[in-house]
file upload26.cif (mmCIF, C-alpha atoms)
data_run
loop_
_atom_site.group_PDB
_atom_site.id
_atom_site.type_symbol
_atom_site.label_atom_id
_atom_site.label_comp_id
_atom_site.auth_asym_id
_atom_site.auth_seq_id
_atom_site.Cartn_x
_atom_site.Cartn_y
_atom_site.Cartn_z
ATOM 1 C CA MET S 231 113.808 -32.772 -53.239
ATOM 2 C CA PRO S 232 113.539 -29.054 -52.388
ATOM 3 C CA PRO S 233 110.401 -27.942 -50.505
ATOM 4 C CA ARG S 234 107.389 -27.019 -52.611
ATOM 5 C CA SER S 235 106.931 -23.276 -53.024
ATOM 6 C CA ALA S 236 103.142 -23.514 -53.271
ATOM 7 C CA PRO S 237 101.508 -26.663 -51.877
ATOM 8 C CA THR S 238 97.987 -27.465 -53.004
ATOM 9 C CA GLU S 239 95.108 -27.173 -50.567
ATOM 10 C CA ARG S 240 94.983 -30.956 -50.311
ATOM 11 C CA GLN S 241 98.715 -31.191 -49.567
ATOM 12 C CA ARG S 242 98.395 -28.416 -46.999
ATOM 13 C CA ARG S 243 95.466 -30.209 -45.375
ATOM 14 C CA LEU S 244 97.394 -33.467 -45.019
ATOM 15 C CA GLY S 245 100.228 -31.634 -43.309
ATOM 16 C CA ALA S 246 97.861 -29.753 -41.013
ATOM 17 C CA GLU S 247 96.205 -33.004 -39.919
ATOM 18 C CA LEU S 248 99.594 -34.576 -39.165
ATOM 19 C CA ARG S 249 100.555 -31.554 -37.083
ATOM 20 C CA LYS S 250 97.245 -31.719 -35.212
ATOM 21 C CA MET S 251 97.848 -35.403 -34.520
ATOM 22 C CA ARG S 252 101.404 -34.764 -33.277
ATOM 23 C CA ILE S 253 100.327 -31.972 -30.932
ATOM 24 C CA ALA S 254 97.510 -34.119 -29.532
ATOM 25 C CA ALA S 255 100.152 -36.752 -28.755
ATOM 26 C CA GLY S 256 102.237 -34.157 -26.904
ATOM 27 C CA MET S 257 105.221 -34.798 -29.151
ATOM 28 C CA GLY S 258 107.740 -32.251 -30.447
ATOM 29 C CA THR S 259 109.075 -32.028 -34.015
ATOM 30 C CA GLU S 260 112.470 -33.365 -32.986
ATOM 31 C CA VAL S 261 110.986 -36.587 -31.613
ATOM 32 C CA ALA S 262 108.778 -36.971 -34.693
ATOM 33 C CA ALA S 263 111.816 -36.542 -36.928
ATOM 34 C CA LYS S 264 113.690 -39.260 -35.053
ATOM 35 C CA LEU S 265 110.767 -41.623 -35.498
ATOM 36 C CA LEU S 266 111.019 -41.154 -39.259
ATOM 37 C CA GLY S 267 114.815 -41.004 -39.365
ATOM 38 C CA VAL S 268 114.835 -37.587 -41.050
ATOM 39 C CA PRO S 269 116.320 -34.170 -40.170
ATOM 40 C CA ARG S 270 114.228 -32.146 -37.726
ATOM 41 C CA THR S 271 113.483 -29.486 -40.362
ATOM 42 C CA ASN S 272 111.699 -32.068 -42.487
ATOM 43 C CA VAL S 273 108.795 -32.314 -40.051
ATOM 44 C CA PRO S 274 107.710 -28.621 -40.232
ATOM 45 C CA ASN S 275 108.003 -28.824 -44.029
ATOM 46 C CA MET S 276 105.784 -31.915 -44.119
ATOM 47 C CA GLU S 277 103.274 -30.305 -41.759
ATOM 48 C CA SER S 278 103.025 -27.197 -43.934
ATOM 49 C CA GLY S 279 102.554 -29.289 -47.088
ATOM 50 C CA ARG S 280 105.844 -28.015 -48.496
ATOM 51 C CA SER S 281 107.420 -31.471 -48.458
ATOM 52 C CA GLY S 282 105.889 -34.738 -49.590
ATOM 53 C CA ILE S 283 105.329 -37.742 -47.370
ATOM 54 C CA SER S 284 104.610 -41.336 -48.317
ATOM 55 C CA ALA S 285 101.505 -43.250 -47.283
ATOM 56 C CA ALA S 286 103.735 -45.592 -45.276
ATOM 57 C CA ARG S 287 105.168 -42.691 -43.290
ATOM 58 C CA VAL S 288 101.698 -41.273 -42.689
ATOM 59 C CA ARG S 289 100.718 -44.608 -41.135
ATOM 60 C CA ALA S 290 103.959 -44.819 -39.161
ATOM 61 C CA LEU S 291 103.430 -41.371 -37.672
ATOM 62 C CA ALA S 292 99.786 -42.087 -36.878
ATOM 63 C CA SER S 293 100.786 -45.253 -35.063
ATOM 64 C CA ASN S 294 103.488 -43.499 -33.054
ATOM 65 C CA TYR S 295 101.135 -40.642 -32.269
ATOM 66 C CA GLY S 296 98.677 -43.145 -30.840
ATOM 67 C CA CYS S 297 95.892 -42.499 -33.365
ATOM 68 C CA THR S 298 93.533 -45.481 -33.416
ATOM 69 C CA ASP S 299 90.920 -44.117 -35.846
ATOM 70 C CA GLU S 300 91.543 -46.495 -38.758
ATOM 71 C CA ALA S 301 89.157 -44.799 -41.179
ATOM 72 C CA TYR S 302 90.790 -41.424 -40.522
ATOM 73 C CA VAL S 303 94.306 -42.817 -40.987
ATOM 74 C CA ASP S 304 93.248 -44.628 -44.180
ATOM 75 C CA ALA S 305 91.831 -41.368 -45.572
ATOM 76 C CA LEU S 306 95.037 -39.502 -44.761
ATOM 77 C CA ALA S 307 97.227 -42.221 -46.265
ATOM 78 C CA ALA S 308 95.147 -42.123 -49.446
ATOM 79 C CA ILE S 309 96.157 -38.509 -50.137
ATOM 80 C CA PRO S 310 99.842 -39.139 -50.991
ATOM 81 C CA SER S 311 98.777 -42.348 -52.757
ATOM 82 C CA GLU S 312 96.835 -40.362 -55.389
ATOM 83 C CA ARG S 313 98.946 -40.797 -58.502
ATOM 84 C CA ASP S 314 96.713 -39.112 -61.041
ATOM 85 C CA LYS S 315 97.483 -35.439 -61.479
ATOM 86 C CA GLY S 316 93.988 -34.568 -62.695
ATOM 87 C CA TRP S 317 92.794 -32.514 -65.637
ATOM 88 C CA TRP S 318 93.208 -29.285 -63.636
ATOM 89 C CA GLU S 319 97.012 -29.564 -63.833
ATOM 90 C CA ALA S 320 96.789 -28.278 -67.416
ATOM 91 C CA TYR S 321 95.823 -24.904 -65.910
ATOM 92 C CA ARG S 322 98.731 -24.616 -63.471
ATOM 93 C CA ASP S 323 100.556 -21.294 -63.894
ATOM 94 C CA ARG S 324 97.618 -20.066 -65.983
ATOM 95 C CA LEU S 325 95.069 -19.677 -63.161
ATOM 96 C CA SER S 326 95.281 -19.041 -59.437
ATOM 97 C CA PRO S 327 96.164 -22.055 -57.258
ATOM 98 C CA ALA S 328 92.756 -21.694 -55.570
ATOM 99 C CA SER S 329 90.989 -22.331 -58.885
ATOM 100 C CA LEU S 330 92.833 -25.617 -59.227
ATOM 101 C CA ASP S 331 92.139 -26.472 -55.592
ATOM 102 C CA ILE S 332 88.388 -26.025 -56.141
ATOM 103 C CA ALA S 333 88.483 -28.413 -59.100
ATOM 104 C CA GLU S 334 90.443 -31.025 -57.152
ATOM 105 C CA MET S 335 88.189 -30.642 -54.114
ATOM 106 C CA GLU S 336 85.110 -31.306 -56.248
ATOM 107 C CA TRP S 337 86.769 -34.247 -58.008
ATOM 108 C CA ARG S 338 87.884 -35.995 -54.810
ATOM 109 C CA SER S 339 84.675 -35.495 -52.829
ATOM 110 C CA PRO S 340 81.960 -38.189 -52.687
ATOM 111 C CA ARG S 341 79.347 -35.595 -51.725
ATOM 112 C CA LEU S 342 78.997 -31.880 -52.438
ATOM 113 C CA ARG S 343 76.540 -29.578 -50.674
ATOM 114 C CA ILE S 344 76.176 -26.226 -52.406
ATOM 115 C CA ALA S 345 74.274 -23.101 -51.364
ATOM 116 C CA VAL S 346 74.118 -19.941 -53.498
ATOM 117 C CA THR S 347 72.156 -16.709 -53.371
ATOM 118 C CA ILE S 348 73.314 -14.541 -56.287
ATOM 119 C CA HIS S 349 75.594 -16.580 -58.546
ATOM 120 C CA LEU S 350 74.540 -19.979 -59.857
ATOM 121 C CA PRO S 351 76.830 -22.902 -58.986
ATOM 122 C CA GLY S 352 79.836 -23.014 -61.294
ATOM 123 C CA LEU S 353 79.199 -26.706 -61.962
ATOM 124 C CA PHE S 354 75.756 -25.860 -63.367
ATOM 125 C CA GLN S 355 76.627 -22.881 -65.556
ATOM 126 C CA THR S 356 76.277 -22.947 -69.330
ATOM 127 C CA GLU S 357 79.116 -21.505 -71.360
ATOM 128 C CA ALA S 358 77.070 -18.442 -72.339
ATOM 129 C CA HIS S 359 76.056 -17.736 -68.743
ATOM 130 C CA ALA S 360 79.611 -18.199 -67.427
ATOM 131 C CA ARG S 361 80.994 -15.918 -70.131
ATOM 132 C CA ALA S 362 78.530 -13.217 -69.095
ATOM 133 C CA VAL S 363 79.536 -13.642 -65.422
ATOM 134 C CA PHE S 364 83.250 -13.295 -66.209
ATOM 135 C CA ALA S 365 82.472 -10.222 -68.322
ATOM 136 C CA GLN S 366 81.413 -8.467 -65.099
ATOM 137 C CA VAL S 367 84.814 -8.820 -63.403
ATOM 138 C CA VAL S 368 86.340 -5.490 -62.344
ATOM 139 C CA PRO S 369 88.769 -4.509 -63.766
ATOM 140 C CA PRO S 370 87.839 -6.262 -67.017
ATOM 141 C CA LEU S 371 89.748 -9.464 -67.733
ATOM 142 C CA PRO S 372 92.080 -9.571 -70.740
ATOM 143 C CA ARG S 373 90.524 -11.761 -73.413
ATOM 144 C CA THR S 374 93.066 -14.553 -72.949
ATOM 145 C CA ASP S 375 92.431 -14.672 -69.187
ATOM 146 C CA LEU S 376 88.661 -14.681 -69.695
ATOM 147 C CA GLU S 377 88.868 -17.578 -72.149
ATOM 148 C CA THR S 378 91.135 -19.532 -69.773
ATOM 149 C CA ARG S 379 88.747 -19.056 -66.844
ATOM 150 C CA LEU S 380 85.825 -20.021 -69.045
ATOM 151 C CA ALA S 381 87.535 -23.198 -70.274
ATOM 152 C CA HIS S 382 88.396 -24.171 -66.694
ATOM 153 C CA ARG S 383 84.808 -23.648 -65.535
ATOM 154 C CA MET S 384 83.481 -25.794 -68.364
ATOM 155 C CA ASP S 385 86.055 -28.489 -67.603
ATOM 156 C CA ARG S 386 84.975 -28.568 -63.950
ATOM 157 C CA LYS S 387 81.664 -30.010 -65.125
ATOM 158 C CA GLN S 388 83.420 -33.271 -66.053
ATOM 159 C CA VAL S 389 82.871 -34.426 -62.488
ATOM 160 C CA LEU S 390 79.111 -34.577 -63.105
ATOM 161 C CA ASP S 391 79.497 -36.769 -66.189
ATOM 162 C CA ARG S 392 81.980 -39.381 -65.001
ATOM 163 C CA SER S 393 80.915 -42.956 -64.232
ATOM 164 C CA ASP S 394 81.066 -42.427 -60.456
ATOM 165 C CA PRO S 395 79.942 -38.827 -59.921
ATOM 166 C CA PRO S 396 79.676 -37.345 -56.444
ATOM 167 C CA LYS S 397 76.280 -36.868 -54.889
ATOM 168 C CA VAL S 398 75.456 -33.188 -55.392
ATOM 169 C CA GLU S 399 72.868 -31.356 -53.308
ATOM 170 C CA ALA S 400 72.376 -27.756 -54.408
ATOM 171 C CA ILE S 401 70.222 -25.098 -52.790
ATOM 172 C CA ILE S 402 69.647 -22.106 -55.068
ATOM 173 C CA HIS S 403 67.886 -18.925 -54.025
ATOM 174 C CA GLU S 404 65.331 -17.426 -56.389
ATOM 175 C CA ALA S 405 67.510 -14.311 -56.602
ATOM 176 C CA ALA S 406 70.263 -16.302 -58.338
ATOM 177 C CA LEU S 407 67.761 -17.808 -60.773
ATOM 178 C CA ARG S 408 66.437 -14.374 -61.723
ATOM 179 C CA MET S 409 69.821 -12.696 -62.323
ATOM 180 C CA GLU S 410 69.846 -12.216 -66.108
ATOM 181 C CA PHE S 411 73.525 -12.590 -66.899
ATOM 182 C CA GLY S 412 73.783 -12.448 -70.684
ATOM 183 C CA GLY S 413 70.176 -11.393 -71.215
ATOM 184 C CA THR S 414 66.809 -13.132 -71.348
ATOM 185 C CA GLY S 415 67.701 -15.813 -73.880
ATOM 186 C CA THR S 416 70.839 -16.879 -72.029
ATOM 187 C CA THR S 417 68.959 -16.936 -68.738
ATOM 188 C CA ARG S 418 66.120 -19.031 -70.151
ATOM 189 C CA ALA S 419 68.605 -21.556 -71.577
ATOM 190 C CA GLN S 420 70.478 -21.600 -68.276
ATOM 191 C CA LEU S 421 67.325 -22.359 -66.291
ATOM 192 C CA ARG S 422 66.369 -25.188 -68.624
ATOM 193 C CA HIS S 423 69.884 -26.603 -68.317
ATOM 194 C CA ILE S 424 69.582 -26.741 -64.530
ATOM 195 C CA VAL S 425 66.166 -28.418 -64.803
ATOM 196 C CA GLU S 426 67.730 -31.074 -67.035
ATOM 197 C CA LEU S 427 70.589 -31.605 -64.585
ATOM 198 C CA ALA S 428 68.095 -31.932 -61.742
ATOM 199 C CA GLU S 429 66.667 -35.046 -63.415
ATOM 200 C CA ARG S 430 69.884 -36.968 -62.734
ATOM 201 C CA PRO S 431 69.570 -39.390 -59.818
ATOM 202 C CA HIS S 432 72.803 -38.255 -58.132
ATOM 203 C CA LEU S 433 71.951 -34.553 -58.364
ATOM 204 C CA SER S 434 69.419 -32.675 -56.231
ATOM 205 C CA VAL S 435 68.433 -29.055 -56.895
ATOM 206 C CA ARG S 436 66.156 -27.262 -54.464
ATOM 207 C CA VAL S 437 64.970 -23.664 -54.667
ATOM 208 C CA ILE S 438 64.400 -21.161 -51.878
ATOM 209 C CA PRO S 439 61.764 -18.705 -53.150
ATOM 210 C CA PHE S 440 61.607 -15.061 -52.127
ATOM 211 C CA LYS S 441 58.475 -15.774 -50.105
ATOM 212 C CA ALA S 442 60.534 -17.937 -47.737
ATOM 213 C CA GLY S 443 61.850 -14.703 -46.244
ATOM 214 C CA GLY S 444 65.315 -14.186 -44.832
ATOM 215 C CA VAL S 445 67.667 -17.156 -44.691
ATOM 216 C CA PRO S 446 70.990 -17.753 -42.917
ATOM 217 C CA GLY S 447 74.199 -17.195 -44.855
ATOM 218 C CA SER S 448 72.415 -15.259 -47.591
ATOM 219 C CA GLY S 449 75.538 -13.221 -48.358
ATOM 220 C CA GLN S 450 77.726 -16.205 -49.230
ATOM 221 C CA SER S 451 78.158 -18.890 -51.837
ATOM 222 C CA VAL S 452 79.223 -22.126 -50.167
ATOM 223 C CA ILE S 453 80.527 -25.493 -51.301
ATOM 224 C CA TYR S 454 80.733 -28.067 -48.528
ATOM 225 C CA ALA S 455 82.863 -30.943 -49.818
ATOM 226 C CA ALA S 456 82.567 -34.143 -47.849
ATOM 227 C CA ALA S 457 85.566 -36.439 -47.542
ATOM 228 C CA ALA S 458 86.009 -40.116 -46.806
ATOM 229 C CA VAL S 459 85.766 -39.212 -43.112
ATOM 230 C CA PRO S 460 84.058 -36.131 -41.589
ATOM 231 C CA GLN S 461 87.315 -34.864 -40.066
ATOM 232 C CA LEU S 462 88.619 -34.144 -43.577
ATOM 233 C CA ASP S 463 85.577 -32.268 -44.889
ATOM 234 C CA THR S 464 86.312 -28.885 -46.479
ATOM 235 C CA ILE S 465 84.340 -25.669 -46.935
ATOM 236 C CA GLU S 466 84.943 -23.346 -49.884
ATOM 237 C CA LEU S 467 83.534 -19.824 -49.776
ATOM 238 C CA ASP S 468 83.329 -17.834 -53.006
ATOM 239 C CA THR S 469 84.380 -14.219 -52.464
ATOM 240 C CA THR S 470 85.202 -11.241 -54.683
ATOM 241 C CA HIS S 471 88.910 -11.640 -53.949
ATOM 242 C CA GLY S 472 88.927 -15.397 -54.592
ATOM 243 C CA ALA S 473 88.199 -18.718 -52.941
ATOM 244 C CA GLU S 474 88.566 -19.222 -49.198
ATOM 245 C CA PHE S 475 89.002 -22.689 -47.710
ATOM 246 C CA HIS S 476 88.064 -23.605 -44.118
ATOM 247 C CA ASP S 477 88.380 -26.911 -42.319
ATOM 248 C CA ASP S 478 88.418 -26.372 -38.554
ATOM 249 C CA GLU S 479 85.746 -28.288 -36.677
ATOM 250 C CA ALA S 480 83.891 -25.185 -35.477
ATOM 251 C CA GLN S 481 83.428 -23.951 -39.052
ATOM 252 C CA LEU S 482 82.474 -27.391 -40.338
ATOM 253 C CA THR S 483 79.831 -27.695 -37.619
ATOM 254 C CA LYS S 484 78.519 -24.195 -38.314
ATOM 255 C CA TYR S 485 78.133 -24.713 -42.052
ATOM 256 C CA ARG S 486 76.590 -28.158 -41.698
ATOM 257 C CA ALA S 487 73.935 -26.604 -39.452
ATOM 258 C CA GLN S 488 73.466 -23.684 -41.837
ATOM 259 C CA LEU S 489 72.995 -25.977 -44.834
ATOM 260 C CA ASP S 490 70.566 -28.129 -42.860
ATOM 261 C CA GLU S 491 68.532 -25.007 -42.074
ATOM 262 C CA LEU S 492 68.526 -23.912 -45.718
ATOM 263 C CA GLU S 493 67.332 -27.346 -46.778
ATOM 264 C CA SER S 494 64.458 -27.139 -44.315
ATOM 265 C CA ARG S 495 63.261 -23.918 -45.988
ATOM 266 C CA ALA S 496 63.722 -24.968 -49.616
ATOM 267 C CA LEU S 497 61.065 -26.340 -51.919
ATOM 268 C CA SER S 498 61.093 -30.068 -52.635
ATOM 269 C CA ARG S 499 63.018 -31.371 -55.640
ATOM 270 C CA GLU S 500 59.811 -31.775 -57.656
ATOM 271 C CA ASP S 501 58.427 -28.350 -56.723
ATOM 272 C CA SER S 502 61.816 -26.780 -57.457
ATOM 273 C CA ARG S 503 61.843 -28.196 -60.997
ATOM 274 C CA THR S 504 58.316 -26.877 -61.530
ATOM 275 C CA PHE S 505 59.358 -23.479 -60.140
ATOM 276 C CA MET S 506 62.341 -23.219 -62.524
ATOM 277 C CA ASN S 507 60.339 -24.385 -65.537
ATOM 278 C CA ASP S 508 57.632 -21.796 -64.808
ATOM 279 C CA LEU S 509 60.251 -19.089 -64.381
ATOM 280 C CA ALA S 510 61.866 -19.988 -67.715
ATOM 281 C CA ARG S 511 58.496 -19.892 -69.492
ATOM 282 C CA ARG S 512 57.728 -16.440 -68.113
ATOM 283 C CA LEU S 513 60.978 -14.899 -69.364
#
call {"tool": "encode", "arguments": {"input": "upload26.cif", "output": "structure tokens"}}
result
Amino acid sequence: MPPRSAPTERQRRLGAELRKMRIAAGMGTEVAAKLLGVPRTNVPNMESGRSGISAARVRALASNYGCTDEAYVDALAAIPSERDKGWWEAYRDRLSPASLDIAEMEWRSPRLRIAVTIHLPGLFQTEAHARAVFAQVVPPLPRTDLETRLAHRMDRKQVLDRSDPPKVEAIIHEAALRMEFGGTGTTRAQLRHIVELAERPHLSVRVIPFKAGGVPGSGQSVIYAAAAVPQLDTIELDTTHGAEFHDDEAQLTKYRAQLDELESRALSREDSRTFMNDLARRL
């Protein structure tokens, strides 16, 4: 099969981990290719995510590279074993690859840690609120593009309703709660929707009020997606020009510490629900 022109973030990550493992073993691409019985050019393609690799070959490489972390190898081997394409595939060639990668990241993760300051988490947004957010894009989106983005955002919420949802821990700054996208009525309905979501046992919503003062990372919206093993965790940063994904250990460590600090400054789950209910009543 010809190399993929645009590997997914998950495919790219698998390749990057295999390359990291090979370099740690002090092995060149030519030796790795001989171990698999493939042309030398196949190895760089696999390590960039442009070529597929079977679970059996992942395990064979890990063994030859001397990796003894069974949980890590199992998690890597599970990636090519994923047969389901996922609902997000319906949006391929209609939205940016990053939009699909966000949906897959959320779907595959057992635990999501979210921190937002201005925009509410996409997973929590009502259709009316999301429509108002997309209406602010500059330059304005063509109607068809807006409706496609809106449908994708609503479909992302499936992960919260499935039988085995991920554990979601969201920290929302008061500023995001007070942003009246779509007007007072839409905002009131949006707040009540989040309060209802916060009643679910697998979902925690905690608020950082203005009176808490300055907080770290206040200029970013972050999703920290845990994986089966910590080495495969992923960070997604929401920016004006699109999603950014980070997975090096230094960044993972930094954002874990930042989220821990935000949690220490947030109201409790119970006080946060009271805060949002009071805010909705005052609108």
call {"tool": "resolve_selection", "arguments": {"input": "upload26.cif", "expression": "the PyMOL selection byres ((chain S and resi 358-373) around 12)", "output": "PDB file with C-alpha atoms, in the coordinates of the input"}}
result
ATOM      1  CA  ILE S 348      73.314 -14.541 -56.287  1.00  0.00           C
ATOM      2  CA  HIS S 349      75.594 -16.580 -58.546  1.00  0.00           C
ATOM      3  CA  LEU S 350      74.540 -19.979 -59.857  1.00  0.00           C
ATOM      4  CA  PRO S 351      76.830 -22.902 -58.986  1.00  0.00           C
ATOM      5  CA  GLY S 352      79.836 -23.014 -61.294  1.00  0.00           C
ATOM      6  CA  LEU S 353      79.199 -26.706 -61.962  1.00  0.00           C
ATOM      7  CA  PHE S 354      75.756 -25.860 -63.367  1.00  0.00           C
ATOM      8  CA  GLN S 355      76.627 -22.881 -65.556  1.00  0.00           C
ATOM      9  CA  THR S 356      76.277 -22.947 -69.330  1.00  0.00           C
ATOM     10  CA  GLU S 357      79.116 -21.505 -71.360  1.00  0.00           C
ATOM     11  CA  THR S 374      93.066 -14.553 -72.949  1.00  0.00           C
ATOM     12  CA  ASP S 375      92.431 -14.672 -69.187  1.00  0.00           C
ATOM     13  CA  LEU S 376      88.661 -14.681 -69.695  1.00  0.00           C
ATOM     14  CA  GLU S 377      88.868 -17.578 -72.149  1.00  0.00           C
ATOM     15  CA  THR S 378      91.135 -19.532 -69.773  1.00  0.00           C
ATOM     16  CA  ARG S 379      88.747 -19.056 -66.844  1.00  0.00           C
ATOM     17  CA  LEU S 380      85.825 -20.021 -69.045  1.00  0.00           C
ATOM     18  CA  ALA S 381      87.535 -23.198 -70.274  1.00  0.00           C
ATOM     19  CA  HIS S 382      88.396 -24.171 -66.694  1.00  0.00           C
ATOM     20  CA  ARG S 383      84.808 -23.648 -65.535  1.00  0.00           C
ATOM     21  CA  MET S 384      83.481 -25.794 -68.364  1.00  0.00           C
ATOM     22  CA  ALA S 406      70.263 -16.302 -58.338  1.00  0.00           C
ATOM     23  CA  LEU S 407      67.761 -17.808 -60.773  1.00  0.00           C
ATOM     24  CA  MET S 409      69.821 -12.696 -62.323  1.00  0.00           C
ATOM     25  CA  GLU S 410      69.846 -12.216 -66.108  1.00  0.00           C
ATOM     26  CA  PHE S 411      73.525 -12.590 -66.899  1.00  0.00           C
ATOM     27  CA  GLY S 412      73.783 -12.448 -70.684  1.00  0.00           C
ATOM     28  CA  GLY S 413      70.176 -11.393 -71.215  1.00  0.00           C
ATOM     29  CA  THR S 414      66.809 -13.132 -71.348  1.00  0.00           C
ATOM     30  CA  GLY S 415      67.701 -15.813 -73.880  1.00  0.00           C
ATOM     31  CA  THR S 416      70.839 -16.879 -72.029  1.00  0.00           C
ATOM     32  CA  THR S 417      68.959 -16.936 -68.738  1.00  0.00           C
ATOM     33  CA  ARG S 418      66.120 -19.031 -70.151  1.00  0.00           C
ATOM     34  CA  ALA S 419      68.605 -21.556 -71.577  1.00  0.00           C
ATOM     35  CA  GLN S 420      70.478 -21.600 -68.276  1.00  0.00           C
ATOM     36  CA  LEU S 421      67.325 -22.359 -66.291  1.00  0.00           C
ATOM     37  CA  HIS S 423      69.884 -26.603 -68.317  1.00  0.00           C
ATOM     38  CA  ILE S 424      69.582 -26.741 -64.530  1.00  0.00           C
ATOM     39  CA  THR S 470      85.202 -11.241 -54.683  1.00  0.00           C
ATOM     40  CA  HIS S 471      88.910 -11.640 -53.949  1.00  0.00           C
ATOM     41  CA  GLY S 472      88.927 -15.397 -54.592  1.00  0.00           C
TER      42      GLY S 472
END
call {"tool": "closest_residue", "arguments": {"input": "upload26.cif", "among": "S:Ala255, S:Leu244, S:Leu513, S:Met335", "to": "Gly279 in chain S", "atoms": "only C-alpha atoms"}}
result
S:Leu244
call {"tool": "resolve_selection", "arguments": {"input": "upload26.cif", "expression": "the PyMOL selection byres ((chain S and resi 321) around 12)", "output": "MDAnalysis selection string"}}
result
chainID S and resid 315:320 322:331 333:334 375 377:383 385:386
call {"tool": "resolve_selection", "arguments": {"input": "upload26.cif", "expression": "the PyMOL selection byres ((chain S and resi 276) around 9)", "output": "list in words"}}
result
Pro233, Gln241, Arg242, Leu244, Gly245, Ala246, Leu248, Arg249, Thr271, Asn272, Val273, Pro274, Asn275, Glu277, Ser278, Gly279, Arg280, Ser281, Gly282 and Ile283 of chain S
call {"tool": "residues_around", "arguments": {"input": "upload26.cif", "residues": "Thr469 in chain S", "least_positions_apart": "6", "cutoff": "12 Å", "atoms": "only C-alpha atoms", "output": "list in words"}}
result
Ala328, Val346, Ile348, His349, Gly449, Gln450, Ser451, Val452, Ile453 and Phe475 of chain S
call {"tool": "closest_residue", "arguments": {"input": "upload26.cif", "among": "S:Ala400, S:Ala456, S:Leu462, S:Val425", "to": "Leu489 in chain S", "atoms": "all atoms listed in the file"}}
result
S:Ala400
call {"tool": "residues_around", "arguments": {"input": "upload26.cif", "residues": "Thr483 in chain S", "least_positions_apart": "6", "cutoff": "12 Å", "atoms": "all atoms listed in the file", "output": "number ranges by chain"}}
result
S: 454, 460-461, 463-465, 476-477, 489-490
call {"tool": "atom_distance", "arguments": {"input": "upload26.cif", "atom1": "CA of Gly447 in chain S", "atom2": "CA of His403 in chain S"}}
result
11.3 Å
call {"tool": "closest_residue", "arguments": {"input": "upload26.cif", "among": "S:Glu312, S:Glu239, S:Asp391, S:Glu466", "to": "Leu482 in chain S", "atoms": "only C-alpha atoms"}}
result
S:Glu466
call {"tool": "atom_distance", "arguments": {"input": "upload26.cif", "atom1": "CA of Phe440 in chain S", "atom2": "CA of Ala405 in chain S"}}
result
7.4 Å
call {"tool": "residues_around", "arguments": {"input": "upload26.cif", "residues": "Ala286 in chain S", "least_positions_apart": "4", "cutoff": "12 Å", "atoms": "only C-alpha atoms", "output": "list in words"}}
result
Leu266, Gly282, Ala290, Leu291, Ala292, Ser293, Val303, Asp304, Leu306, Ala307, Ala308, Ile309, Pro310 and Ser311 of chain S
call {"tool": "residues_around", "arguments": {"input": "upload26.cif", "residues": "range 434-439 of chain S", "least_positions_apart": "2", "cutoff": "7 Å", "atoms": "all atoms listed in the file", "output": "list of chain:residue names"}}
result
S:Val398, S:Glu399, S:Ala400, S:Ile401, S:Ile402, S:His403, S:Glu404, S:Ala428, S:His432, S:Lys441, S:Ala442, S:Arg495, S:Ala496, S:Leu497, S:Ser498, S:Arg499, S:Ser502
call {"tool": "atom_distance", "arguments": {"input": "upload26.cif", "atom1": "CA of Tyr302 in chain S", "atom2": "CA of Ala458 in chain S"}}
result
8.0 Å
call {"tool": "axis_aligned_box", "arguments": {"input": "upload26.cif", "around": "range 306-321 of chain S", "padding_each_side": "5 Å", "output": "JSON"}}
result
{"center_x": 96.3, "center_y": -33.6, "center_z": -56.1, "size_x": 17.0, "size_y": 27.4, "size_z": 32.7}
call {"tool": "closest_residue", "arguments": {"input": "upload26.cif", "among": "S:Ile332, S:Ala480, S:Ala345, S:Leu427", "to": "Ser448 in chain S", "atoms": "only C-alpha atoms"}}
result
S:Ala345
call {"tool": "closest_residue", "arguments": {"input": "upload26.cif", "among": "S:Asn294, S:Arg234, S:Glu500, S:Leu390", "to": "Ala263 in chain S", "atoms": "only C-alpha atoms"}}
result
S:Asn294
call {"tool": "closest_residue", "arguments": {"input": "upload26.cif", "among": "S:Asp314, S:Asp299, S:Glu426, S:Glu474", "to": "Asn507 in chain S", "atoms": "all atoms listed in the file"}}
result
S:Glu426
